[in-house]
Each structure stands twice: as C-alpha cells, then as structure tokens.
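Structure file model_20.cif (mmCIF, C-alpha atoms) is printed below.
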```
data_coords
#
loop_
_atom_site.group_PDB
_atom_site.id
_atom_site.type_symbol
_atom_site.label_atom_id
_atom_site.label_comp_id
_atom_site.auth_asym_id
_atom_site.auth_seq_id
_atom_site.Cartn_x
_atom_site.Cartn_y
_atom_site.Cartn_z
ATOM 1 C CA MET A 1 -85.420 -179.370 7.447
ATOM 2 C CA PRO A 2 -83.663 -177.574 10.319
ATOM 3 C CA PHE A 3 -84.806 -177.905 13.889
ATOM 4 C CA TYR A 4 -84.473 -175.080 16.360
ATOM 5 C CA GLN A 5 -83.953 -174.939 20.074
ATOM 6 C CA PHE A 6 -83.981 -172.080 22.573
ATOM 7 C CA ASN A 7 -80.571 -170.672 23.485
ATOM 8 C CA SER A 8 -80.799 -169.398 27.066
ATOM 9 C CA SER A 9 -77.618 -167.292 26.887
ATOM 10 C CA THR A 10 -78.788 -165.159 23.944
ATOM 11 C CA GLY A 11 -82.535 -165.505 24.434
ATOM 12 C CA ARG A 12 -83.017 -166.537 20.789
ATOM 13 C CA LEU A 13 -83.659 -169.634 18.751
ATOM 14 C CA LYS A 14 -80.678 -171.401 17.222
ATOM 15 C CA LYS A 15 -80.312 -174.351 14.902
ATOM 16 C CA SER A 16 -80.198 -177.565 16.846
ATOM 17 C CA ALA A 17 -77.207 -179.857 16.506
ATOM 18 C CA TYR A 18 -79.013 -182.823 18.050
ATOM 19 C CA LEU A 19 -80.876 -185.479 16.081
ATOM 20 C CA GLN A 20 -84.605 -185.093 16.579
ATOM 21 C CA PRO A 21 -87.411 -187.428 15.566
ATOM 22 C CA LEU A 22 -89.753 -186.359 12.818
ATOM 23 C CA TYR A 23 -92.959 -184.699 13.983
ATOM 24 C CA PRO A 24 -95.549 -186.247 14.335
ATOM 25 C CA THR A 25 -93.983 -189.438 15.651
ATOM 26 C CA SER A 26 -96.967 -191.664 15.024
ATOM 27 C CA THR A 27 -96.925 -193.991 12.034
ATOM 28 C CA HIS A 28 -100.334 -193.018 10.665
ATOM 29 C CA PRO A 29 -100.440 -190.057 8.258
ATOM 30 C CA LEU A 30 -101.428 -186.658 9.557
ATOM 31 C CA ASN A 31 -105.098 -185.861 9.211
ATOM 32 C CA LYS A 32 -105.481 -182.730 7.110
ATOM 33 C CA LYS A 33 -108.225 -181.445 9.424
ATOM 34 C CA GLU A 34 -105.951 -181.533 12.467
ATOM 35 C CA LEU A 35 -104.047 -178.349 13.001
ATOM 36 C CA LEU A 36 -100.616 -178.469 14.515
ATOM 37 C CA GLU A 37 -100.431 -176.714 17.836
ATOM 38 C CA MET A 38 -97.849 -173.949 17.988
ATOM 39 C CA ILE A 39 -95.702 -174.096 21.102
ATOM 40 C CA TRP A 40 -94.716 -170.631 22.251
ATOM 41 C CA ASP A 41 -92.063 -169.693 24.749
ATOM 42 C CA SER A 42 -93.292 -168.982 28.270
ATOM 43 C CA ILE A 43 -93.988 -165.421 29.411
ATOM 44 C CA LYS A 44 -91.795 -166.100 32.424
ATOM 45 C CA THR A 45 -88.688 -166.480 30.248
ATOM 46 C CA LYS A 46 -86.435 -163.487 30.714
ATOM 47 C CA PRO A 47 -83.350 -162.491 28.731
ATOM 48 C CA LEU A 48 -79.983 -163.123 30.301
ATOM 49 C CA ARG A 49 -78.584 -160.149 32.222
ATOM 50 C CA THR A 50 -74.907 -159.462 31.786
ATOM 51 C CA ILE A 51 -72.632 -157.000 33.505
ATOM 52 C CA SER A 52 -70.265 -155.026 31.321
ATOM 53 C CA PRO A 53 -66.566 -155.310 32.268
ATOM 54 C CA SER A 54 -66.303 -151.522 32.678
ATOM 55 C CA SER A 55 -68.786 -151.541 35.572
ATOM 56 C CA MET A 56 -66.929 -154.294 37.431
ATOM 57 C CA GLY A 57 -64.648 -153.394 40.302
ATOM 58 C CA PHE A 58 -61.603 -155.087 38.768
ATOM 59 C CA SER A 59 -59.762 -155.055 35.460
ATOM 60 C CA THR A 60 -59.430 -158.057 33.174
ATOM 61 C CA LEU A 61 -56.318 -156.544 31.579
ATOM 62 C CA ASN A 62 -52.902 -158.090 32.159
ATOM 63 C CA PRO A 63 -50.977 -155.987 34.758
ATOM 64 C CA LYS A 64 -47.906 -155.780 32.485
ATOM 65 C CA MET A 65 -50.041 -154.401 29.659
ATOM 66 C CA LEU A 66 -51.684 -151.925 32.060
ATOM 67 C CA ALA A 67 -48.218 -150.684 33.111
ATOM 68 C CA LYS A 68 -47.276 -150.191 29.439
ATOM 69 C CA TYR A 69 -50.506 -148.245 28.834
ATOM 70 C CA LYS A 70 -49.659 -145.927 31.722
ATOM 71 C CA LYS A 71 -46.053 -145.513 30.526
ATOM 72 C CA PHE A 72 -47.051 -144.560 26.967
ATOM 73 C CA GLN A 73 -49.792 -142.143 28.060
ATOM 74 C CA VAL A 74 -47.625 -140.044 30.400
ATOM 75 C CA ASN A 75 -45.492 -137.878 28.093
ATOM 76 C CA VAL A 76 -47.409 -136.772 25.030
ATOM 77 C CA GLU A 77 -44.623 -134.544 23.675
ATOM 78 C CA LYS A 78 -42.380 -137.460 22.615
ATOM 79 C CA PRO A 79 -43.241 -139.433 19.483
ATOM 80 C CA VAL A 80 -44.590 -142.908 20.230
ATOM 81 C CA TYR A 81 -41.806 -144.634 18.294
ATOM 82 C CA LEU A 82 -39.208 -143.151 20.709
ATOM 83 C CA MET A 83 -41.020 -143.679 24.028
ATOM 84 C CA GLY A 84 -39.541 -147.149 24.574
ATOM 85 C CA GLY A 85 -36.097 -145.769 25.399
ATOM 86 C CA SER A 86 -32.767 -146.678 23.821
ATOM 87 C CA PRO A 87 -33.955 -149.889 22.050
ATOM 88 C CA ASP A 88 -36.544 -147.831 20.179
ATOM 89 C CA LYS A 89 -33.926 -145.211 19.255
ATOM 90 C CA ILE A 90 -31.613 -147.928 17.899
ATOM 91 C CA LEU A 91 -34.414 -149.507 15.846
ATOM 92 C CA PHE A 92 -35.521 -146.115 14.512
ATOM 93 C CA THR A 93 -31.966 -145.131 13.508
ATOM 94 C CA THR A 94 -31.378 -148.522 11.847
ATOM 95 C CA THR A 95 -34.641 -148.192 9.920
ATOM 96 C CA CYS A 96 -33.735 -144.684 8.726
ATOM 97 C CA ILE A 97 -30.281 -145.834 7.578
ATOM 98 C CA LEU A 98 -31.771 -148.800 5.674
ATOM 99 C CA VAL A 99 -34.361 -146.558 3.984
ATOM 100 C CA VAL A 100 -31.693 -144.076 2.857
ATOM 101 C CA ALA A 101 -29.495 -146.931 1.580
ATOM 102 C CA GLY A 102 -32.457 -148.436 -0.313
ATOM 103 C CA VAL A 103 -33.328 -145.104 -1.957
ATOM 104 C CA ALA A 104 -29.671 -144.621 -2.932
ATOM 105 C CA GLN A 105 -29.576 -148.097 -4.523
ATOM 106 C CA CYS A 106 -32.778 -147.323 -6.456
ATOM 107 C CA LEU A 107 -31.335 -144.050 -7.764
ATOM 108 C CA LYS A 108 -28.116 -145.850 -8.776
ATOM 109 C CA LEU A 109 -30.189 -148.502 -10.598
ATOM 110 C CA PHE A 110 -32.198 -145.809 -12.432
ATOM 111 C CA TYR A 111 -28.977 -144.046 -13.477
ATOM 112 C CA ASP A 112 -27.388 -147.294 -14.690
ATOM 113 C CA MET A 113 -30.536 -148.207 -16.661
ATOM 114 C CA ALA A 114 -30.698 -144.744 -18.253
ATOM 115 C CA ASN A 115 -26.993 -144.733 -19.204
ATOM 116 C CA PRO A 116 -26.039 -148.268 -20.271
ATOM 117 C CA LYS A 117 -22.378 -149.110 -20.729
ATOM 118 C CA LYS A 118 -21.286 -149.430 -24.341
ATOM 119 C CA LEU A 119 -19.651 -152.700 -25.307
#
```
The structure given in the file should be rewritten as structure tokens.
Amino acid sequence: MPFYQFNSSTGRLKKSAYLQPLYPTSTHPLNKKELLEMIWDSIKTKPLRTISPSSMGFSTLNPKMLAKYKKFQVNVEKPVYLMGGSPDKILFTTTCILVVAGVAQCLKLFYDMANPKKL
C-alpha cells in the first residue's frame, strides 16, 4: 500500500520513499464504529511561484552558443550548410564527391549484375 507525502515544489502529493508505520499504530484492532479522520491540507498552503527564464534580466545560454546564434541569423541568403566558412565548404564538397562516387559504384554493380561475364 503506497504512502503519499506533500511535495512543496509541485504542490501535489507524491509517493513517499520513506518507511512509515502502519496506521493505526496501536496494537488493538480498529473498532468498526470509529471513522478515520481525513487530514486535509491547510488553506494557507500556496503553490510555488516560479519565474520563467525569459522574464529574467540575464540569459542562461552559454556566451559562445549565443555568438553562434547571432552569426547564423545574420545572412539569410546563404544556405546554412555554407555559413561556417571554408571548413563547411570543404565538408560539403567532400560529401558531394563521395555521394557521386557511391552512385557510380552502384550503377557499375547493377551493370555487372545484369551482364555477367561468361566463363
């Protein structure tokens, strides 16, 4: 049987991880005529107030990442994969060459499979 405890950060009940004694704690059996008293949370309990990061006066973003965001949002005419400068151009050209070579190898394989050499 799970036990619950009040979580003050969320304002809700959560399953308790602590060992709790069985209720009632007395050794005599519970009288059927006695009703268990429900314990309700106090009216004075208020939910936790949090401030969203966007309304704070400072950013939680790493300054290097913020600089990259600004760099990539400046010129919208260039494709994103070329905005990094010459390293991006080299990677893009290498990728294009490898794709063309792979397609050529596939076409050569299809041709060789369609026209097998006679022994």
Hey, could you pull the box centre and edge lengths for region 76-95 of chain A, axis-aligned, 8 Å padding per side, all listed atoms, to one decimal in Å, as JSON?
```
{"center_x": -39.4, "center_y": -142.2, "center_z": 17.7, "size_x": 32.0, "size_y": 31.3, "size_z": 31.5}
```
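For the pair CA of Lys70 (chain A) and CA of Lys89 (chain A), the separation is 20.1 Å.
Contact shell of region 83-88 of chain A at 10 Å (all atoms listed in the file; same-chain neighbours under 4 positions omitted): A:Lys68, A:Lys71, A:Phe72, A:Gln73, A:Val74, A:Asn75, A:Val76, A:Glu77, A:Lys78, A:Pro79, A:Phe92, A:Thr93, A:Thr94.
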(request) One decimal, Å: what's the distance from CA of Tyr69 (chain A) over to CA of Leu82 (chain A), could you say? (result) 14.8 Å
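With CA of Tyr81 (chain A) on one side and CA of Thr95 (chain A) on the other, the separation reads 11.6 Å.
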